[in-house]
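Containing CSV, C-alpha atoms and all ligand atoms: coords.csv.
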chain,number,residue,atom,x,y,z
A,26,MET,CA,-2.6,38.3,27.7
A,27,THR,CA,-0.5,36.3,25.4
A,28,THR,CA,2.9,37.3,23.9
A,29,ALA,CA,1.2,37.8,20.5
A,30,ASP,CA,-1.4,40.1,22.1
A,31,ALA,CA,1.4,42.1,23.8
A,32,HIS,CA,3.2,42.5,20.5
A,33,ILE,CA,0.4,44.4,18.8
A,34,LEU,CA,0.0,46.9,21.6
A,35,ALA,CA,3.1,48.9,20.7
A,36,GLY,CA,1.1,51.4,18.6
A,37,ALA,CA,-1.7,51.8,21.1
A,38,TYR,CA,0.8,52.1,23.9
A,39,THR,CA,2.8,54.8,22.1
A,40,LEU,CA,-0.5,56.8,21.6
A,41,ASP,CA,-1.5,56.2,25.2
A,42,ALA,CA,-4.6,54.3,24.0
A,43,VAL,CA,-4.3,51.4,26.4
A,44,ASP,CA,-6.0,50.8,29.7
A,45,ASP,CA,-4.0,50.3,32.9
A,46,LEU,CA,-3.8,46.5,32.7
A,47,GLU,CA,-2.7,46.6,29.1
A,48,ARG,CA,-0.1,49.3,29.9
A,49,ALA,CA,1.3,47.3,32.7
A,50,ALA,CA,1.4,44.1,30.6
A,51,PHE,CA,3.1,45.9,27.7
A,52,VAL,CA,5.7,47.7,29.9
A,53,ARG,CA,6.6,44.2,31.2
A,54,HIS,CA,6.7,42.8,27.7
A,55,VAL,CA,8.7,45.6,26.1
A,56,GLY,CA,11.5,45.2,28.6
A,57,GLU,CA,12.2,41.7,27.2
A,58,CYS,CA,11.1,42.2,23.5
A,59,PRO,CA,13.6,44.1,21.4
A,60,THR,CA,11.2,44.0,18.5
A,61,CYS,CA,8.5,45.9,20.4
A,62,ALA,CA,11.0,48.3,21.9
A,63,GLY,CA,12.1,49.2,18.4
A,64,GLU,CA,8.5,49.6,17.3
A,65,VAL,CA,7.8,52.0,20.2
A,66,ALA,CA,10.8,54.1,19.3
A,67,GLY,CA,9.6,54.2,15.7
A,68,PHE,CA,6.0,55.1,16.6
A,69,ARG,CA,7.2,57.9,18.9
A,70,GLU,CA,9.3,59.4,16.1
A,71,THR,CA,6.3,59.1,13.7
A,72,ALA,CA,4.0,60.6,16.3
A,73,ALA,CA,6.3,63.6,16.7
A,74,HIS,CA,6.2,64.1,12.9
A,75,LEU,CA,2.5,63.9,12.9
A,76,GLY,CA,2.3,66.4,15.8
A,77,ALA,CA,4.4,68.8,13.9
A,78,ALA,CA,2.1,68.5,10.9
A,79,ALA,CA,-1.1,68.9,13.0
A,80,ALA,CA,-1.2,72.6,12.2
A,81,VAL,CA,-2.3,71.7,8.7
A,82,ALA,CA,-6.0,71.1,8.6
A,83,PRO,CA,-6.7,67.6,7.3
A,84,ASP,CA,-9.1,66.7,4.6
A,85,PRO,CA,-12.5,66.5,6.2
A,86,GLY,CA,-13.1,63.0,4.7
A,87,LEU,CA,-9.7,61.7,6.0
A,88,ARG,CA,-11.0,60.5,9.4
A,89,ARG,CA,-14.0,58.7,7.8
A,90,ARG,CA,-11.8,57.0,5.2
A,91,VAL,CA,-9.2,56.0,7.7
A,92,LEU,CA,-11.8,54.5,10.1
A,93,ALA,CA,-13.4,52.7,7.2
A,94,GLU,CA,-10.1,51.3,6.1
A,95,ILE,CA,-9.2,50.2,9.6
A,96,SER,CA,-12.5,48.3,9.9
A,97,GLN,CA,-11.5,46.2,6.8
A,98,THR,CA,-7.9,45.6,7.9
A,99,ARG,CA,-6.8,42.8,10.0
A,100,GLN,CA,-4.2,43.8,12.6
A,101,LEU,CA,-1.2,41.5,12.7
A,102,PRO,CA,1.6,41.2,15.3
A,103,PRO,CA,5.1,42.2,14.1
A,104,ARG,CA,7.5,39.5,12.8
A,105,VAL,CA,9.5,38.1,15.7
A,106,PRO,CA,11.7,35.1,16.1
A,107,ALA,CA,9.6,31.9,16.0
A,108,GLU,CA,8.5,30.5,19.4
A,109,PRO,CA,8.2,26.7,20.0
A,110,ALA,CA,4.9,26.2,18.3
A,111,VAL,CA,4.1,22.5,18.6
A,112,PRO,CA,2.6,21.7,22.0
A,113,ALA,CA,4.3,18.6,23.5
A,114,ARG,CA,0.9,16.8,24.0
A,115,ARG,CA,0.4,16.6,20.2
A,116,ARG,CA,3.4,14.5,19.6
A,117,PRO,CA,2.0,11.2,20.9
A,118,TRP,CA,-0.9,11.6,18.6
A,119,ARG,CA,1.4,12.2,15.6
A,120,LYS,CA,3.5,9.2,16.7
A,121,ARG,CA,0.5,7.0,17.0
A,122,ALA,CA,-0.7,8.1,13.6
A,123,LEU,CA,2.7,7.3,12.0
A,124,ILE,CA,2.7,3.9,13.7
A,125,GLY,CA,-0.8,3.3,12.4
A,126,ILE,CA,0.3,4.2,8.8
A,127,ALA,CA,3.3,1.9,9.1
A,128,SER,CA,1.1,-0.9,10.4
A,129,VAL,CA,-1.2,-0.6,7.4
A,130,ALA,CA,1.7,-0.5,5.0
A,131,ALA,CA,3.1,-3.6,6.6
A,132,ALA,CA,-0.2,-5.4,6.4
A,133,ALA,CA,-0.5,-4.5,2.8
A,134,ALA,CA,3.0,-5.9,2.1
A,135,VAL,CA,2.0,-9.1,3.8
A,136,LEU,CA,-1.2,-9.3,1.8
A,137,VAL,CA,0.7,-8.7,-1.5
A,138,GLY,CA,3.3,-11.3,-0.4
A,139,GLY,CA,0.5,-13.8,0.3
A,140,ILE,CA,-1.0,-13.3,-3.1
A,141,SER,CA,2.3,-13.7,-4.8
A,142,ILE,CA,3.0,-16.9,-2.9
A,143,GLY,CA,-0.4,-18.2,-3.9
A,144,LEU,CA,0.2,-17.5,-7.5
A,145,ASP,CA,3.5,-19.4,-7.5
A,146,HIS,CA,1.5,-22.6,-7.3
A,147,SER,CA,-0.1,-22.0,-10.6
A,148,VAL,CA,3.0,-21.2,-12.6
A,149,PRO,CA,3.1,-23.7,-15.4
A,150,GLY,CA,6.1,-26.0,-15.6
A,151,ASN,CA,6.8,-26.3,-11.9
A,152,PRO,CA,7.2,-29.9,-10.7
A,153,VAL,CA,4.1,-31.1,-8.9
A,154,PRO,CA,5.1,-31.4,-5.2
A,155,VAL,CA,3.6,-34.8,-4.2
A,156,ALA,CA,5.3,-37.0,-1.7
A,157,ASP,CA,5.0,-40.3,-3.5
A,158,GLY,CA,6.0,-38.8,-6.8
A,159,GLY,CA,9.1,-37.1,-5.4
A,160,ALA,CA,11.5,-39.8,-6.6
A,161,VAL,CA,10.4,-39.3,-10.2
A,162,THR,CA,10.2,-35.5,-10.2
A,163,SER,CA,13.6,-35.1,-8.4
A,164,ALA,CA,15.4,-37.7,-10.6
A,165,PRO,CA,18.4,-36.2,-12.4
A,166,ASP,CA,17.0,-37.1,-15.8
A,167,ALA,CA,13.4,-36.1,-15.0
A,168,THR,CA,11.6,-34.4,-17.9
A,169,THR,CA,8.0,-33.0,-17.8
A,170,VAL,CA,5.6,-32.4,-20.6
A,171,ARG,CA,2.2,-30.8,-20.0
A,172,THR,CA,-0.9,-30.0,-22.0
A,173,ALA,CA,-3.9,-27.9,-21.2
A,174,VAL,CA,-7.3,-29.7,-21.2
A,175,ALA,CA,-10.7,-28.1,-20.9
A,176,GLY,CA,-9.9,-25.6,-18.1
A,177,GLY,CA,-7.3,-27.8,-16.5
A,178,SER,CA,-4.0,-29.6,-17.4
A,179,VAL,CA,-2.3,-32.9,-17.5
A,180,SER,CA,1.4,-33.4,-17.1
A,181,ALA,CA,3.7,-36.4,-17.4
A,182,THR,CA,7.1,-36.6,-15.7
A,183,VAL,CA,9.3,-39.4,-16.8
A,184,SER,CA,12.6,-40.8,-15.5
A,185,ARG,CA,14.2,-43.4,-17.7
A,186,GLN,CA,16.8,-44.0,-15.0
A,187,LEU,CA,14.1,-44.9,-12.6
A,188,GLY,CA,11.9,-46.5,-15.3
A,189,LYS,CA,8.9,-44.6,-13.9
A,190,VAL,CA,6.3,-42.1,-15.1
A,191,LEU,CA,4.2,-39.8,-13.0
A,192,VAL,CA,1.0,-38.4,-14.5
A,193,ALA,CA,-0.6,-35.5,-12.7
A,194,ALA,CA,-4.0,-33.9,-13.4
A,195,GLU,CA,-4.9,-30.4,-12.3
A,196,GLY,CA,-8.4,-28.9,-12.6
A,197,LEU,CA,-9.9,-31.4,-15.0
A,198,PRO,CA,-13.7,-31.2,-15.4
A,199,PRO,CA,-15.3,-33.5,-12.9
A,200,LEU,CA,-17.1,-36.6,-14.4
A,201,ASP,CA,-20.4,-38.2,-13.3
A,202,ALA,CA,-20.3,-41.1,-10.9
A,203,GLY,CA,-20.4,-43.7,-13.7
A,204,HIS,CA,-17.2,-42.5,-15.4
A,205,ALA,CA,-13.5,-41.9,-14.7
A,206,TYR,CA,-10.4,-40.7,-16.4
A,207,GLU,CA,-8.0,-43.6,-17.3
A,208,VAL,CA,-4.3,-43.2,-18.1
A,209,TRP,CA,-2.7,-45.2,-21.0
A,210,LEU,CA,0.9,-45.8,-21.8
A,211,THR,CA,1.3,-46.0,-25.6
A,212,GLY,CA,4.0,-47.1,-27.9
A,213,ALA,CA,4.8,-50.3,-29.7
A,214,GLY,CA,2.0,-52.8,-29.0
A,215,ALA,CA,-1.4,-52.2,-27.4
A,216,PRO,CA,-2.0,-49.4,-25.0
A,217,ARG,CA,-1.4,-50.4,-21.3
A,218,SER,CA,-3.6,-49.0,-18.5
A,219,ALA,CA,-1.6,-47.1,-15.9
A,220,GLY,CA,-4.6,-46.6,-13.7
A,221,LEU,CA,-7.6,-44.3,-13.0
A,222,LEU,CA,-6.9,-40.6,-12.6
A,223,GLU,CA,-8.9,-38.2,-10.3
A,224,PRO,CA,-9.5,-34.7,-11.8
A,225,GLY,CA,-6.8,-33.3,-9.5
A,226,GLY,CA,-4.9,-36.5,-8.8
A,227,ILE,CA,-1.8,-38.4,-9.8
A,228,VAL,CA,-0.9,-41.8,-11.2
A,229,GLN,CA,2.5,-43.3,-11.0
A,230,ALA,CA,3.5,-46.4,-13.1
A,231,PRO,CA,6.5,-48.3,-14.3
A,232,LEU,CA,7.7,-47.1,-17.7
A,233,PRO,CA,8.8,-49.8,-20.1
A,234,ALA,CA,11.4,-48.7,-22.6
A,235,GLU,CA,9.1,-49.1,-25.6
A,236,ILE,CA,6.6,-46.6,-24.2
A,237,ASP,CA,6.8,-43.1,-25.8
A,238,GLY,CA,3.4,-41.6,-25.1
A,239,VAL,CA,0.8,-41.0,-22.4
A,240,SER,CA,-3.0,-40.7,-23.2
A,241,VAL,CA,-6.1,-40.2,-21.1
A,242,THR,CA,-9.5,-41.3,-22.0
A,243,VAL,CA,-12.9,-41.3,-20.3
A,244,GLU,CA,-13.9,-44.8,-19.3
A,245,PRO,CA,-16.5,-46.5,-17.1
A,246,ALA,CA,-15.8,-45.8,-13.4
A,247,THR,CA,-14.4,-49.3,-12.9
A,248,GLY,CA,-11.9,-48.8,-15.7
A,249,SER,CA,-11.4,-50.6,-19.0
A,250,LEU,CA,-8.9,-53.2,-20.3
A,251,GLN,CA,-8.4,-51.1,-23.4
A,252,PRO,CA,-9.4,-47.5,-24.4
A,253,THR,CA,-13.0,-47.3,-25.5
A,254,THR,CA,-13.3,-43.6,-26.3
A,255,PRO,CA,-11.1,-41.0,-28.2
A,256,SER,CA,-8.3,-39.7,-26.0
A,257,VAL,CA,-8.8,-36.3,-24.3
A,258,VAL,CA,-5.0,-36.0,-23.7
A,259,ASP,CA,-2.1,-37.2,-25.8
A,260,LEU,CA,1.4,-36.5,-24.4
A,261,GLU,CA,4.7,-37.5,-26.1
A,262,VAL,CA,7.3,-38.5,-23.6
A,263,SER,CA,11.0,-38.8,-24.2
A,301,ZN,ZN,6.9,42.2,21.4

Take the structure from the file and write it as structure tokens.
Ligand SMILES: [Zn+2]
Amino acid sequence: MTTADAHILAGAYTLDAVDDLERAAFVRHVGECPTCAGEVAGFRETAAHLGAAAAVAPDPGLRRRVLAEISQTRQLPPRVPAEPAVPARRRPWRKRALIGIASVAAAAAVLVGGISIGLDHSVPGNPVPVADGGAVTSAPDATTVRTAVAGGSVSATVSRQLGKVLVAAEGLPPLDAGHAYEVWLTGAGAPRSAGLLEPGGIVQAPLPAEIDGVSVTVEPATGSLQPTTPSVVDLEVS
């Protein structure tokens, strides 16, 4: 018999409606449960009042109604101070669950961080991190201009102090095997070839003082001595 079972026996015990085992258990219980001791005292008082009133003949339907009501009423134990309710063996499960939730949260944070880091590479205006162009892009006077081209972009970084220009392509449409992008330095005089440019590649070239523009054209794969098609990119460099 649990403590909760013993609690609800107070009424039955008072009316002597318990069996020997229940009586023994409740007597043991009531010795250490002030709540049930108080209930027994109250029930005895009520029973005495009921006994005094027994001389009055009850309504013939009372017993039937009481029994019907009892069958619909759930019996509850009295309110007592709370017992330790959480079995110790449940705690490891809860702890594992919390650790699991924390792990998922941490993994999500790492995933979001990874996406953010990946996006940083595509932020326009950042210097293109290439080893052989580092001197130009990190020069104190370096300036970069960029323009979007057919789903990609071309940028030109110039350093007058170094006398160099770095042209970088990103995501240009690929060309067939017979053609290539060619970079031209423009200004006073005829355009000068700075070299062929891969769709995602770079070209670095000396930058004479009279050059104030960079253009890109589509030329035969072996390159041309001068532009033969309209430029697909025109950049003005300072
Ligand atoms: Zn009790």

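The environment of Val262 of chain A within 10 Å, counting only C-alpha atoms and disregarding residues fewer than 2 places along the same chain, consists of Thr168, Thr169, Val170, Arg171, Ala181, Thr182, Val183, Ser184, Val190, Leu210, Thr211, Ile236, Asp237, Gly238, Val239, Asp259 and Leu260 of chain A.
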
List all protein, DNA and RNA residues that have an atom no more than 7 Å from any atom of ligand ZN 301 (chain A), counting all atoms listed in the file, and report them as JSON, numbers by chain.
-> {"A": [28, 31, 32, 54, 55, 58, 59, 60, 61]}

For Gly177 of chain A: contacts at 9 Å, only C-alpha atoms, fewer than 5 positions along chain excluded, given as a list of chain:residue names = A:Thr172, A:Ala194, A:Glu195, A:Gly196, A:Leu197, A:Pro198, A:Pro224, A:Gly225

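Ranking A:Gly248, A:Gly203, A:Pro165, A:Gly86 by their shortest atom-to-atom distance to Arg185 of chain A, with all atoms listed in the file included, puts A:Pro165 first.
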
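Of the listed residues A:Gly226, A:Glu70, A:Ala219, A:Thr27, the one whose atoms come nearest to Ser178 of chain A is A:Gly226, with distances taken using all atoms listed in the file.
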
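You will find atom CA of Ser263 of chain A at 13.1 Å from atom CA of Ser180 of chain A.
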
Give me the residues within 7 Å of Val243 of chain A as a VMD selection string, counting all atoms listed in the file and dropping any in the same chain fewer than 2 places off.
-> chain A and resid 204 to 207 241 254

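When atom CA of Val228 of chain A is paired with atom CA of Leu191 of chain A, their separation reads 5.8 Å.
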
Can you work out the spacing between atom CA of Ala173 of chain A and atom CA of Glu244 of chain A in Å, to one decimal?
-> 19.7 Å

Save segment 225-241 of chain A from what I just supplied, as a PDB file, in the first residue's frame, atoms limited to N, CA, C and O atoms.
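Final output, part_9.pdb:
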ATOM      1  N   GLY A 225      37.758  33.092 -64.603  1.00  0.00           N
ATOM      2  CA  GLY A 225      37.886  33.346 -63.170  1.00  0.00           C
ATOM      3  C   GLY A 225      39.320  33.673 -62.798  1.00  0.00           C
ATOM      4  O   GLY A 225      39.727  33.433 -61.656  1.00  0.00           O
ATOM      5  N   GLY A 226      40.084  34.193 -63.727  1.00  0.00           N
ATOM      6  CA  GLY A 226      41.526  34.362 -63.503  1.00  0.00           C
ATOM      7  C   GLY A 226      41.951  35.796 -63.274  1.00  0.00           C
ATOM      8  O   GLY A 226      41.114  36.693 -63.090  1.00  0.00           O
ATOM      9  N   ILE A 227      43.264  36.001 -63.251  1.00  0.00           N
ATOM     10  CA  ILE A 227      43.822  37.333 -63.040  1.00  0.00           C
ATOM     11  C   ILE A 227      44.916  37.597 -64.074  1.00  0.00           C
ATOM     12  O   ILE A 227      45.529  36.660 -64.600  1.00  0.00           O
ATOM     13  N   VAL A 228      45.131  38.878 -64.341  1.00  0.00           N
ATOM     14  CA  VAL A 228      46.236  39.318 -65.198  1.00  0.00           C
ATOM     15  C   VAL A 228      46.902  40.490 -64.493  1.00  0.00           C
ATOM     16  O   VAL A 228      46.208  41.408 -64.030  1.00  0.00           O
ATOM     17  N   GLN A 229      48.207  40.450 -64.388  1.00  0.00           N
ATOM     18  CA  GLN A 229      48.930  41.579 -63.798  1.00  0.00           C
ATOM     19  C   GLN A 229      49.879  42.142 -64.852  1.00  0.00           C
ATOM     20  O   GLN A 229      50.506  41.377 -65.595  1.00  0.00           O
ATOM     21  N   ALA A 230      49.944  43.477 -64.940  1.00  0.00           N
ATOM     22  CA  ALA A 230      50.767  44.083 -65.987  1.00  0.00           C
ATOM     23  C   ALA A 230      51.345  45.400 -65.503  1.00  0.00           C
ATOM     24  O   ALA A 230      50.778  46.031 -64.591  1.00  0.00           O
ATOM     25  N   PRO A 231      52.448  45.839 -66.091  1.00  0.00           N
ATOM     26  CA  PRO A 231      52.960  47.175 -65.815  1.00  0.00           C
ATOM     27  C   PRO A 231      51.932  48.214 -66.239  1.00  0.00           C
ATOM     28  O   PRO A 231      51.167  47.986 -67.187  1.00  0.00           O
ATOM     29  N   LEU A 232      51.902  49.345 -65.549  1.00  0.00           N
ATOM     30  CA  LEU A 232      50.902  50.376 -65.819  1.00  0.00           C
ATOM     31  C   LEU A 232      51.601  51.698 -66.156  1.00  0.00           C
ATOM     32  O   LEU A 232      51.937  52.482 -65.268  1.00  0.00           O
ATOM     33  N   PRO A 233      51.834  51.946 -67.439  1.00  0.00           N
ATOM     34  CA  PRO A 233      52.445  53.216 -67.824  1.00  0.00           C
ATOM     35  C   PRO A 233      51.577  54.391 -67.385  1.00  0.00           C
ATOM     36  O   PRO A 233      50.356  54.272 -67.262  1.00  0.00           O
ATOM     37  N   ALA A 234      52.212  55.537 -67.204  1.00  0.00           N
ATOM     38  CA  ALA A 234      51.522  56.707 -66.649  1.00  0.00           C
ATOM     39  C   ALA A 234      50.381  57.180 -67.541  1.00  0.00           C
ATOM     40  O   ALA A 234      49.381  57.698 -67.047  1.00  0.00           O
ATOM     41  N   GLU A 235      50.510  56.989 -68.869  1.00  0.00           N
ATOM     42  CA  GLU A 235      49.476  57.513 -69.770  1.00  0.00           C
ATOM     43  C   GLU A 235      48.229  56.632 -69.844  1.00  0.00           C
ATOM     44  O   GLU A 235      47.227  57.005 -70.482  1.00  0.00           O
ATOM     45  N   ILE A 236      48.237  55.473 -69.199  1.00  0.00           N
ATOM     46  CA  ILE A 236      47.083  54.562 -69.237  1.00  0.00           C
ATOM     47  C   ILE A 236      46.031  55.014 -68.229  1.00  0.00           C
ATOM     48  O   ILE A 236      46.344  55.240 -67.051  1.00  0.00           O
ATOM     49  N   ASP A 237      44.778  55.166 -68.692  1.00  0.00           N
ATOM     50  CA  ASP A 237      43.698  55.558 -67.781  1.00  0.00           C
ATOM     51  C   ASP A 237      42.451  54.678 -67.931  1.00  0.00           C
ATOM     52  O   ASP A 237      41.379  55.026 -67.445  1.00  0.00           O
ATOM     53  N   GLY A 238      42.599  53.563 -68.639  1.00  0.00           N
ATOM     54  CA  GLY A 238      41.456  52.675 -68.772  1.00  0.00           C
ATOM     55  C   GLY A 238      41.863  51.226 -68.980  1.00  0.00           C
ATOM     56  O   GLY A 238      42.992  50.922 -69.385  1.00  0.00           O
ATOM     57  N   VAL A 239      40.955  50.336 -68.656  1.00  0.00           N
ATOM     58  CA  VAL A 239      41.156  48.891 -68.874  1.00  0.00           C
ATOM     59  C   VAL A 239      39.937  48.375 -69.628  1.00  0.00           C
ATOM     60  O   VAL A 239      38.801  48.676 -69.246  1.00  0.00           O
ATOM     61  N   SER A 240      40.170  47.630 -70.713  1.00  0.00           N
ATOM     62  CA  SER A 240      39.070  47.033 -71.470  1.00  0.00           C
ATOM     63  C   SER A 240      39.316  45.547 -71.636  1.00  0.00           C
ATOM     64  O   SER A 240      40.453  45.066 -71.529  1.00  0.00           O
ATOM     65  N   VAL A 241      38.216  44.820 -71.885  1.00  0.00           N
ATOM     66  CA  VAL A 241      38.314  43.380 -72.154  1.00  0.00           C
ATOM     67  C   VAL A 241      37.523  43.105 -73.419  1.00  0.00           C
ATOM     68  O   VAL A 241      36.389  43.583 -73.574  1.00  0.00           O
TER      69      VAL A 241
END
